[in-house]
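*Asks:* My structure is in run-v2.txt, and what it holds is compact mmCIF, N, CA and C atoms and all ligand atoms:
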```
# COMPACT_ATOMS: atom_id res chain seq x y z
N MET A 878 88.69 119.99 107.41
CA MET A 878 89.84 119.63 106.56
C MET A 878 89.83 120.47 105.28
N HIS A 879 90.98 121.04 104.99
CA HIS A 879 91.16 121.90 103.82
C HIS A 879 90.74 121.18 102.52
N GLU A 880 91.30 119.99 102.31
CA GLU A 880 91.03 119.26 101.07
C GLU A 880 89.55 118.87 100.94
N TYR A 881 88.92 118.61 102.09
CA TYR A 881 87.51 118.22 102.00
C TYR A 881 86.66 119.36 101.48
N SER A 882 86.90 120.57 101.97
CA SER A 882 86.08 121.69 101.52
C SER A 882 86.35 121.99 100.04
N ILE A 883 87.58 121.76 99.60
CA ILE A 883 87.90 121.94 98.18
C ILE A 883 87.15 120.90 97.34
N ALA A 884 87.23 119.65 97.76
CA ALA A 884 86.53 118.59 97.04
C ALA A 884 85.04 118.88 96.98
N TYR A 885 84.50 119.36 98.10
CA TYR A 885 83.07 119.63 98.13
C TYR A 885 82.71 120.80 97.22
N ASP A 886 83.55 121.84 97.21
CA ASP A 886 83.33 122.99 96.33
C ASP A 886 83.33 122.57 94.87
N LEU A 887 84.27 121.69 94.50
CA LEU A 887 84.37 121.23 93.12
C LEU A 887 83.11 120.45 92.75
N TYR A 888 82.67 119.62 93.68
CA TYR A 888 81.45 118.85 93.47
C TYR A 888 80.26 119.80 93.28
N ALA A 889 80.15 120.80 94.14
CA ALA A 889 79.02 121.72 94.08
C ALA A 889 79.02 122.52 92.78
N THR A 890 80.22 122.94 92.35
CA THR A 890 80.34 123.69 91.09
C THR A 890 79.90 122.83 89.91
N ALA A 891 80.38 121.58 89.89
CA ALA A 891 80.04 120.67 88.80
C ALA A 891 78.55 120.35 88.82
N ARG A 892 77.99 120.24 90.03
CA ARG A 892 76.57 119.91 90.15
C ARG A 892 75.71 121.04 89.60
N THR A 893 76.06 122.27 89.93
CA THR A 893 75.33 123.42 89.41
C THR A 893 75.37 123.44 87.89
N ALA A 894 76.55 123.22 87.32
CA ALA A 894 76.71 123.20 85.87
C ALA A 894 75.88 122.08 85.26
N ALA A 895 75.89 120.91 85.89
CA ALA A 895 75.17 119.75 85.37
C ALA A 895 73.66 120.00 85.38
N LEU A 896 73.16 120.60 86.47
CA LEU A 896 71.73 120.85 86.57
C LEU A 896 71.28 121.91 85.56
N GLU A 897 72.14 122.90 85.35
CA GLU A 897 71.84 123.95 84.37
C GLU A 897 71.65 123.36 82.97
N HIS A 898 72.42 122.31 82.69
CA HIS A 898 72.36 121.71 81.36
C HIS A 898 71.51 120.45 81.34
N LYS A 899 70.70 120.25 82.38
CA LYS A 899 69.81 119.10 82.48
C LYS A 899 70.55 117.78 82.23
N ALA A 900 71.65 117.62 82.88
CA ALA A 900 72.48 116.43 82.68
C ALA A 900 71.82 115.20 83.27
N LYS A 901 72.04 114.06 82.60
CA LYS A 901 71.58 112.77 83.12
C LYS A 901 72.65 112.21 84.04
N LYS A 902 73.89 112.38 83.62
CA LYS A 902 74.99 112.07 84.53
C LYS A 902 76.23 112.91 84.20
N VAL A 903 77.07 113.01 85.22
CA VAL A 903 78.32 113.73 85.06
C VAL A 903 79.42 112.72 84.79
N LYS A 904 80.20 112.95 83.73
CA LYS A 904 81.22 111.97 83.37
C LYS A 904 82.61 112.36 83.85
N LYS A 905 82.95 113.61 83.67
CA LYS A 905 84.30 114.00 84.04
C LYS A 905 84.34 115.47 84.44
N ILE A 906 85.13 115.74 85.46
CA ILE A 906 85.35 117.11 85.89
C ILE A 906 86.84 117.38 85.82
N SER A 907 87.22 118.35 85.03
CA SER A 907 88.64 118.70 84.93
C SER A 907 88.93 119.92 85.78
N VAL A 908 90.00 119.81 86.54
CA VAL A 908 90.33 120.87 87.49
C VAL A 908 91.80 121.24 87.36
N GLU A 909 92.07 122.53 87.42
CA GLU A 909 93.45 122.99 87.47
C GLU A 909 93.79 123.39 88.89
N VAL A 910 94.87 122.80 89.40
CA VAL A 910 95.30 123.10 90.76
C VAL A 910 96.68 123.73 90.70
N GLY A 911 96.76 124.97 91.12
CA GLY A 911 98.05 125.64 91.18
C GLY A 911 98.94 124.99 92.22
N LYS A 912 100.23 124.83 91.88
CA LYS A 912 101.13 124.15 92.82
C LYS A 912 101.25 124.87 94.15
N MET A 913 101.04 126.19 94.14
CA MET A 913 101.17 126.95 95.38
C MET A 913 99.87 126.96 96.19
N ALA A 914 98.86 126.26 95.72
CA ALA A 914 97.63 126.15 96.50
C ALA A 914 97.86 125.25 97.71
N MET A 915 98.99 124.56 97.74
CA MET A 915 99.34 123.68 98.87
C MET A 915 98.25 122.65 99.11
N VAL A 916 97.81 122.06 98.02
CA VAL A 916 96.76 121.06 98.09
C VAL A 916 97.29 119.77 97.53
N ASN A 917 96.94 118.68 98.15
CA ASN A 917 97.32 117.37 97.64
C ASN A 917 96.21 116.86 96.72
N PRO A 918 96.45 116.88 95.39
CA PRO A 918 95.39 116.52 94.44
C PRO A 918 94.86 115.09 94.67
N GLU A 919 95.74 114.17 95.07
CA GLU A 919 95.29 112.79 95.30
C GLU A 919 94.28 112.73 96.43
N GLN A 920 94.53 113.53 97.44
CA GLN A 920 93.61 113.61 98.58
C GLN A 920 92.26 114.18 98.14
N VAL A 921 92.31 115.21 97.28
CA VAL A 921 91.07 115.82 96.80
C VAL A 921 90.27 114.80 95.99
N VAL A 922 90.96 114.03 95.13
CA VAL A 922 90.28 113.02 94.32
C VAL A 922 89.65 111.96 95.23
N PHE A 923 90.40 111.53 96.24
CA PHE A 923 89.90 110.53 97.18
C PHE A 923 88.64 111.03 97.90
N LEU A 924 88.68 112.26 98.37
CA LEU A 924 87.53 112.81 99.09
C LEU A 924 86.35 113.03 98.15
N PHE A 925 86.68 113.45 96.93
CA PHE A 925 85.62 113.63 95.94
C PHE A 925 84.88 112.31 95.73
N GLU A 926 85.62 111.22 95.71
CA GLU A 926 84.99 109.91 95.48
C GLU A 926 84.05 109.52 96.62
N THR A 927 84.33 109.96 97.83
CA THR A 927 83.42 109.66 98.94
C THR A 927 82.17 110.54 98.85
N ILE A 928 82.34 111.79 98.39
CA ILE A 928 81.18 112.69 98.24
C ILE A 928 80.29 112.18 97.10
N ARG A 929 80.94 111.76 96.03
CA ARG A 929 80.29 111.29 94.81
C ARG A 929 79.28 110.17 95.07
N GLU A 930 79.60 109.30 96.01
CA GLU A 930 78.76 108.14 96.27
C GLU A 930 77.37 108.50 96.77
N GLU A 931 77.21 109.71 97.28
CA GLU A 931 75.92 110.14 97.80
C GLU A 931 75.00 110.66 96.71
N ASP A 932 75.51 110.82 95.51
CA ASP A 932 74.75 111.51 94.47
C ASP A 932 74.71 110.68 93.18
N PRO A 933 73.52 110.17 92.82
CA PRO A 933 73.40 109.30 91.64
C PRO A 933 73.88 109.98 90.36
N LEU A 934 73.76 111.28 90.29
CA LEU A 934 74.21 112.04 89.12
C LEU A 934 75.71 111.90 88.90
N PHE A 935 76.43 111.58 89.98
CA PHE A 935 77.89 111.59 89.94
C PHE A 935 78.51 110.19 90.05
N LEU A 936 77.66 109.16 89.95
CA LEU A 936 78.17 107.81 90.20
C LEU A 936 79.38 107.43 89.35
N GLN A 937 79.42 107.94 88.09
CA GLN A 937 80.53 107.58 87.22
C GLN A 937 81.48 108.75 86.99
N ALA A 938 81.31 109.77 87.77
CA ALA A 938 82.12 110.97 87.54
C ALA A 938 83.57 110.78 87.96
N VAL A 939 84.46 111.24 87.10
CA VAL A 939 85.89 111.17 87.38
C VAL A 939 86.39 112.59 87.60
N LEU A 940 87.17 112.75 88.63
CA LEU A 940 87.77 114.06 88.88
C LEU A 940 89.22 114.01 88.40
N GLU A 941 89.54 114.92 87.49
CA GLU A 941 90.89 114.94 86.93
C GLU A 941 91.59 116.22 87.34
N CYS A 942 92.64 116.09 88.11
CA CYS A 942 93.38 117.27 88.56
C CYS A 942 94.65 117.44 87.73
N HIS A 943 94.84 118.65 87.21
CA HIS A 943 96.09 118.98 86.54
C HIS A 943 96.80 120.02 87.39
N GLU A 944 98.03 119.74 87.72
CA GLU A 944 98.79 120.72 88.49
C GLU A 944 99.41 121.74 87.55
N THR A 945 99.30 123.00 87.90
CA THR A 945 99.87 124.04 87.05
C THR A 945 101.03 124.73 87.77
N GLU A 946 102.04 125.09 86.98
CA GLU A 946 103.23 125.76 87.52
C GLU A 946 102.87 127.17 87.98
N PRO A 947 103.49 127.62 89.06
CA PRO A 947 103.26 128.99 89.49
C PRO A 947 103.92 130.00 88.54
N GLN A 948 103.37 131.19 88.53
CA GLN A 948 103.98 132.27 87.75
C GLN A 948 104.26 133.44 88.67
N THR A 949 105.46 133.97 88.56
CA THR A 949 105.83 135.06 89.45
C THR A 949 106.43 136.21 88.65
N LYS A 950 106.47 137.38 89.28
CA LYS A 950 107.17 138.51 88.69
C LYS A 950 107.82 139.29 89.82
N CYS A 951 108.81 140.07 89.43
CA CYS A 951 109.60 140.80 90.42
C CYS A 951 109.73 142.25 89.95
N PRO A 952 109.82 143.20 90.90
CA PRO A 952 109.97 144.61 90.50
C PRO A 952 111.18 144.85 89.59
N CYS A 953 112.20 143.97 89.64
CA CYS A 953 113.38 144.17 88.81
C CYS A 953 113.12 143.81 87.35
N GLY A 954 111.96 143.22 87.07
CA GLY A 954 111.63 142.89 85.70
C GLY A 954 111.57 141.40 85.43
N TYR A 955 112.01 140.60 86.40
CA TYR A 955 111.98 139.15 86.22
C TYR A 955 110.54 138.63 86.15
N GLU A 956 110.30 137.73 85.21
CA GLU A 956 109.03 137.01 85.17
C GLU A 956 109.33 135.56 84.91
N GLY A 957 108.74 134.66 85.70
CA GLY A 957 109.02 133.24 85.49
C GLY A 957 108.33 132.38 86.51
N ASN A 958 108.97 131.26 86.87
CA ASN A 958 108.36 130.29 87.76
C ASN A 958 109.03 130.20 89.13
N GLU A 959 110.08 131.00 89.36
CA GLU A 959 110.75 130.94 90.66
C GLU A 959 109.87 131.59 91.71
N VAL A 960 109.62 130.87 92.80
CA VAL A 960 108.65 131.33 93.77
C VAL A 960 109.30 132.02 94.97
N TYR A 961 110.48 131.53 95.37
CA TYR A 961 111.04 132.01 96.64
C TYR A 961 112.14 133.05 96.48
N VAL A 962 112.96 132.89 95.44
CA VAL A 962 114.07 133.83 95.26
C VAL A 962 114.14 134.24 93.79
N CYS A 963 114.14 135.53 93.54
CA CYS A 963 114.29 136.03 92.18
C CYS A 963 115.70 135.71 91.69
N PRO A 964 115.82 135.02 90.56
CA PRO A 964 117.16 134.65 90.07
C PRO A 964 117.96 135.85 89.59
N LYS A 965 117.32 136.99 89.39
CA LYS A 965 118.04 138.16 88.90
C LYS A 965 118.54 139.05 90.04
N CYS A 966 117.70 139.25 91.07
CA CYS A 966 118.09 140.21 92.10
C CYS A 966 118.05 139.62 93.51
N GLY A 967 117.53 138.41 93.68
CA GLY A 967 117.53 137.78 95.00
C GLY A 967 116.37 138.15 95.90
N ALA A 968 115.48 139.02 95.43
CA ALA A 968 114.33 139.42 96.25
C ALA A 968 113.25 138.34 96.19
N LEU A 969 112.21 138.53 97.00
CA LEU A 969 111.08 137.61 96.98
C LEU A 969 110.12 138.04 95.86
N PRO A 970 109.96 137.18 94.85
CA PRO A 970 109.06 137.57 93.75
C PRO A 970 107.60 137.56 94.18
N GLU A 971 106.79 138.27 93.42
CA GLU A 971 105.35 138.32 93.70
C GLU A 971 104.66 137.21 92.92
N LEU A 972 103.75 136.51 93.60
CA LEU A 972 103.03 135.41 92.96
C LEU A 972 101.89 135.97 92.09
N VAL A 973 101.98 135.74 90.79
CA VAL A 973 100.94 136.22 89.88
C VAL A 973 99.82 135.20 89.80
N ARG A 974 100.21 133.95 89.63
CA ARG A 974 99.22 132.87 89.71
C ARG A 974 99.89 131.61 90.24
N GLY A 975 99.04 130.67 90.70
CA GLY A 975 99.62 129.45 91.25
C GLY A 975 98.87 128.97 92.48
N ARG A 976 97.95 129.82 93.00
CA ARG A 976 97.19 129.41 94.18
C ARG A 976 95.77 129.01 93.83
N GLU A 977 95.43 129.09 92.54
CA GLU A 977 94.03 128.91 92.18
C GLU A 977 93.65 127.44 92.01
N ILE A 978 92.40 127.17 92.28
CA ILE A 978 91.82 125.84 92.05
C ILE A 978 90.57 126.10 91.21
N VAL A 979 90.63 125.73 89.95
CA VAL A 979 89.56 126.11 89.02
C VAL A 979 89.02 124.91 88.27
N VAL A 980 87.71 124.85 88.17
CA VAL A 980 87.08 123.85 87.30
C VAL A 980 87.20 124.37 85.87
N THR A 981 87.88 123.61 85.01
CA THR A 981 88.04 124.07 83.63
C THR A 981 87.04 123.42 82.69
N ASN A 982 86.52 122.25 83.06
CA ASN A 982 85.58 121.58 82.18
C ASN A 982 84.73 120.56 82.95
N VAL A 983 83.45 120.49 82.59
CA VAL A 983 82.57 119.47 83.16
C VAL A 983 81.94 118.71 81.99
N GLU A 984 82.24 117.42 81.90
CA GLU A 984 81.67 116.60 80.84
C GLU A 984 80.42 115.91 81.35
N ILE A 985 79.32 116.09 80.63
CA ILE A 985 78.05 115.52 81.08
C ILE A 985 77.39 114.71 79.98
N GLU A 986 76.39 113.94 80.38
CA GLU A 986 75.58 113.22 79.41
C GLU A 986 74.15 113.69 79.57
N VAL A 987 73.50 114.02 78.46
CA VAL A 987 72.11 114.51 78.53
C VAL A 987 71.21 113.57 77.73
N ASP A 988 69.91 113.68 78.02
CA ASP A 988 68.93 112.91 77.23
C ASP A 988 68.84 113.48 75.83
N ASP A 989 68.58 112.62 74.86
CA ASP A 989 68.44 113.11 73.48
C ASP A 989 67.16 113.91 73.33
ZN ZN A 1001 114.13 140.51 90.95
```
Would you mind writing the structure in this file as structure tokens?
Ligand SMILES: [Zn+2]

*Replies:*
Amino acid sequence: MHEYSIAYDLYATARTAALEHKAKKVKKISVEVGKMAMVNPEQVVFLFETIREEDPLFLQAVLECHETEPQTKCPCGYEGNEVYVCPKCGALPELVRGREIVVTNVEIEVDD
């Protein structure tokens, strides 16, 4: 399942970051999901919660997905958010961003 591997990747990325910083627990993971990634963020959060239960470090971890608008450009000079048809010339614009799934922040708790 597409969403499962994404959820697992996010978990693995956060886990690496947490271990690097000797975290006691992970509190929040913020993720940016491009709208053109064709991913259902609710599904990713749900799957993340099933993965989370296996790892004491993540028992209270919350996964927060923010959807980001796609950005496109066209050879005619158009730049904007239209994905399928360029509003200036009618061609198919090129996707500059919008497919990415990125961890933007991992909030952790460490020992004093
Ligand atoms: Zn155009």

*Asks:* Would you please extract all strand (DSSP E or B) residues from chain A, as assigned by DSSP on the backbone, and give them as number ranges by chain?

*Replies:* A: 900-911, 939-945, 948-950, 956-957, 971-974, 978-987

*Asks:* Could you give me, as an MDAnalysis selection string, the residues within 7 Å of range 973-981 of chain A, counting all atoms listed in the file and dropping anything in the same chain fewer than 3 positions from it?

*Replies:* chainID A and resid 887 906:915 945:950 970

*Asks:* Return as a ChimeraX atom specification every polymer residue, whether protein, DNA or RNA, with at least one atom no more than 9 Å from an atom of ligand ZN 1001 (chain A); count only C-alpha atoms and all ligand atoms.

*Replies:* /A:950-956,962-970

*Asks:* What residues in chain A get the DSSP label helix (DSSP H, G or I)? Please answer as a ChimeraX atom specification.

*Replies:* /A:879-897,912-914,918-929,933-935

*Asks:* Compare A:Arg892, A:His898, A:Val921, A:His943 by their minimum atom-to-atom distance to Glu880 in chain A, counting all atoms listed in the file, and give me the closest one.

*Replies:* A:Val921

*Asks:* Can you measure CA of Glu931 in chain A to CA of Asp886 in chain A for me? One decimal in Å is fine.

*Replies:*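 Between these atoms lies a distance of 14.9 Å.
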
*Asks:* Considering all atoms listed in the file, state which residue in the set A:Lys902, A:Tyr885, A:Gly957, A:Ala895 is at the smallest distance from Ile928 in chain A.

*Replies:* A:Tyr885

*Asks:* For a test of reading the model, state the distance in Å between atom N of Tyr888 in chain A and atom C of Asn958 in chain A, rounded to one decimal.

*Replies:*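 Between atom N of Tyr888 in chain A and atom C of Asn958 in chain A the gap works out to 28.8 Å.
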
*Asks:* Interatomic distance between CA of Val987 in chain A and CA of Leu934 in chain A?

*Replies:*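 Interatomic distance, CA of Val987 in chain A to CA of Leu934 in chain A: 11.1 Å.
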
*Asks:* Using only N, CA and C atoms, pick whichever of A:Lys905, A:Leu924, A:Val916, A:Ser882 has the shortest atom-to-atom distance to Glu941 in chain A.

*Replies:*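 Counting only N, CA and C atoms, the residue closest to Glu941 in chain A is A:Lys905.
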
*Asks:* Considering only C-alpha atoms, return as a ChimeraX atom specification whatever protein or nucleic-acid residues lie within 10 Å of Gln937 in chain A, sequence-local ones (same chain, fewer than 2 positions apart) excluded.

*Replies:* /A:902-905,926,929-930,933-935,939-940

*Asks:* Could you save those same residues with N, CA and C atoms as a PDB file, in the coordinates of the input?

*Replies:*
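This is the output file out_10.pdb:
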```pdb
ATOM      1  N   LYS A 902      73.890 112.380  83.620  1.00  0.00           N
ATOM      2  CA  LYS A 902      74.990 112.070  84.530  1.00  0.00           C
ATOM      3  C   LYS A 902      76.230 112.910  84.200  1.00  0.00           C
ATOM      4  N   VAL A 903      77.070 113.010  85.220  1.00  0.00           N
ATOM      5  CA  VAL A 903      78.320 113.730  85.060  1.00  0.00           C
ATOM      6  C   VAL A 903      79.420 112.720  84.790  1.00  0.00           C
ATOM      7  N   LYS A 904      80.200 112.950  83.730  1.00  0.00           N
ATOM      8  CA  LYS A 904      81.220 111.970  83.370  1.00  0.00           C
ATOM      9  C   LYS A 904      82.610 112.360  83.850  1.00  0.00           C
ATOM     10  N   LYS A 905      82.950 113.610  83.670  1.00  0.00           N
ATOM     11  CA  LYS A 905      84.300 114.000  84.040  1.00  0.00           C
ATOM     12  C   LYS A 905      84.340 115.470  84.440  1.00  0.00           C
ATOM     13  N   GLU A 926      85.620 111.220  95.710  1.00  0.00           N
ATOM     14  CA  GLU A 926      84.990 109.910  95.480  1.00  0.00           C
ATOM     15  C   GLU A 926      84.050 109.520  96.620  1.00  0.00           C
ATOM     16  N   ARG A 929      80.940 111.760  96.030  1.00  0.00           N
ATOM     17  CA  ARG A 929      80.290 111.290  94.810  1.00  0.00           C
ATOM     18  C   ARG A 929      79.280 110.170  95.070  1.00  0.00           C
ATOM     19  N   GLU A 930      79.600 109.300  96.010  1.00  0.00           N
ATOM     20  CA  GLU A 930      78.760 108.140  96.270  1.00  0.00           C
ATOM     21  C   GLU A 930      77.370 108.500  96.770  1.00  0.00           C
ATOM     22  N   PRO A 933      73.520 110.170  92.820  1.00  0.00           N
ATOM     23  CA  PRO A 933      73.400 109.300  91.640  1.00  0.00           C
ATOM     24  C   PRO A 933      73.880 109.980  90.360  1.00  0.00           C
ATOM     25  N   LEU A 934      73.760 111.280  90.290  1.00  0.00           N
ATOM     26  CA  LEU A 934      74.210 112.040  89.120  1.00  0.00           C
ATOM     27  C   LEU A 934      75.710 111.900  88.900  1.00  0.00           C
ATOM     28  N   PHE A 935      76.430 111.580  89.980  1.00  0.00           N
ATOM     29  CA  PHE A 935      77.890 111.590  89.940  1.00  0.00           C
ATOM     30  C   PHE A 935      78.510 110.190  90.050  1.00  0.00           C
ATOM     31  N   VAL A 939      84.460 111.240  87.100  1.00  0.00           N
ATOM     32  CA  VAL A 939      85.890 111.170  87.380  1.00  0.00           C
ATOM     33  C   VAL A 939      86.390 112.590  87.600  1.00  0.00           C
ATOM     34  N   LEU A 940      87.170 112.750  88.630  1.00  0.00           N
ATOM     35  CA  LEU A 940      87.770 114.060  88.880  1.00  0.00           C
ATOM     36  C   LEU A 940      89.220 114.010  88.400  1.00  0.00           C
TER      37      LEU A 940
END
```

*Asks:* Some atoms are absent from range 946-957 of chain A, so rebuild all heavy atoms and return them as a tab-separated table (two decimals), in the frame of the given file.

*Replies:*
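Generated output (rebuild25.tsv):
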```tsv
chain	number	residue	atom	x	y	z
A	946	GLU	N	102.04	125.09	86.98
A	946	GLU	CA	103.23	125.76	87.52
A	946	GLU	C	102.87	127.17	87.98
A	946	GLU	O	102.06	127.85	87.36
A	946	GLU	CB	104.31	125.86	86.44
A	946	GLU	CG	104.90	124.54	86.02
A	946	GLU	CD	105.67	123.86	87.16
A	946	GLU	OE1	106.24	124.57	87.99
A	946	GLU	OE2	105.66	122.62	87.20
A	947	PRO	N	103.49	127.62	89.06
A	947	PRO	CA	103.26	128.99	89.49
A	947	PRO	C	103.92	130.00	88.54
A	947	PRO	O	104.86	129.66	87.83
A	947	PRO	CB	103.92	129.05	90.87
A	947	PRO	CG	104.89	127.93	90.89
A	947	PRO	CD	104.38	126.88	89.94
A	948	GLN	N	103.37	131.19	88.53
A	948	GLN	CA	103.98	132.27	87.75
A	948	GLN	C	104.26	133.44	88.67
A	948	GLN	O	103.41	133.83	89.46
A	948	GLN	CB	103.00	132.73	86.67
A	948	GLN	CG	103.31	132.14	85.30
A	948	GLN	CD	102.26	132.54	84.29
A	948	GLN	OE1	101.74	133.64	84.34
A	948	GLN	NE2	101.94	131.62	83.40
A	949	THR	N	105.46	133.97	88.56
A	949	THR	CA	105.83	135.06	89.45
A	949	THR	C	106.43	136.21	88.65
A	949	THR	O	106.85	136.05	87.51
A	949	THR	CB	106.87	134.61	90.48
A	949	THR	OG1	107.99	134.05	89.80
A	949	THR	CG2	106.31	133.56	91.42
A	950	LYS	N	106.47	137.38	89.28
A	950	LYS	CA	107.17	138.51	88.69
A	950	LYS	C	107.82	139.29	89.82
A	950	LYS	O	107.45	139.18	90.99
A	950	LYS	CB	106.23	139.39	87.89
A	950	LYS	CG	105.17	140.07	88.71
A	950	LYS	CD	104.38	141.06	87.90
A	950	LYS	CE	103.43	141.82	88.83
A	950	LYS	NZ	102.45	142.64	88.16
A	951	CYS	N	108.81	140.07	89.43
A	951	CYS	CA	109.60	140.80	90.42
A	951	CYS	C	109.73	142.25	89.95
A	951	CYS	O	109.75	142.51	88.74
A	951	CYS	CB	110.98	140.13	90.52
A	951	CYS	SG	112.07	140.91	91.70
A	952	PRO	N	109.82	143.20	90.90
A	952	PRO	CA	109.97	144.61	90.50
A	952	PRO	C	111.18	144.85	89.59
A	952	PRO	O	111.20	145.81	88.82
A	952	PRO	CB	110.16	145.34	91.84
A	952	PRO	CG	109.55	144.44	92.85
A	952	PRO	CD	109.71	143.04	92.34
A	953	CYS	N	112.20	143.97	89.64
A	953	CYS	CA	113.38	144.17	88.81
A	953	CYS	C	113.12	143.81	87.35
A	953	CYS	O	113.95	144.05	86.49
A	953	CYS	CB	114.56	143.33	89.33
A	953	CYS	SG	114.42	141.57	88.91
A	954	GLY	N	111.96	143.22	87.07
A	954	GLY	CA	111.63	142.89	85.70
A	954	GLY	C	111.57	141.40	85.43
A	954	GLY	O	111.10	140.97	84.38
A	955	TYR	N	112.01	140.60	86.40
A	955	TYR	CA	111.98	139.15	86.22
A	955	TYR	C	110.54	138.63	86.15
A	955	TYR	O	109.69	139.04	86.93
A	955	TYR	CB	112.73	138.46	87.37
A	955	TYR	CG	112.48	136.96	87.41
A	955	TYR	CD1	113.15	136.10	86.55
A	955	TYR	CD2	111.55	136.43	88.31
A	955	TYR	CE1	112.90	134.73	86.57
A	955	TYR	CE2	111.30	135.06	88.33
A	955	TYR	CZ	111.98	134.22	87.46
A	955	TYR	OH	111.72	132.87	87.48
A	956	GLU	N	110.30	137.73	85.21
A	956	GLU	CA	109.03	137.01	85.17
A	956	GLU	C	109.33	135.56	84.91
A	956	GLU	O	110.13	135.24	84.03
A	956	GLU	CB	108.12	137.54	84.05
A	956	GLU	CG	107.49	138.87	84.38
A	956	GLU	CD	106.52	139.33	83.30
A	956	GLU	OE1	105.88	138.48	82.68
A	956	GLU	OE2	106.44	140.55	83.11
A	957	GLY	N	108.74	134.66	85.70
A	957	GLY	CA	109.02	133.24	85.49
A	957	GLY	C	108.33	132.38	86.51
A	957	GLY	O	107.24	132.70	86.96
```
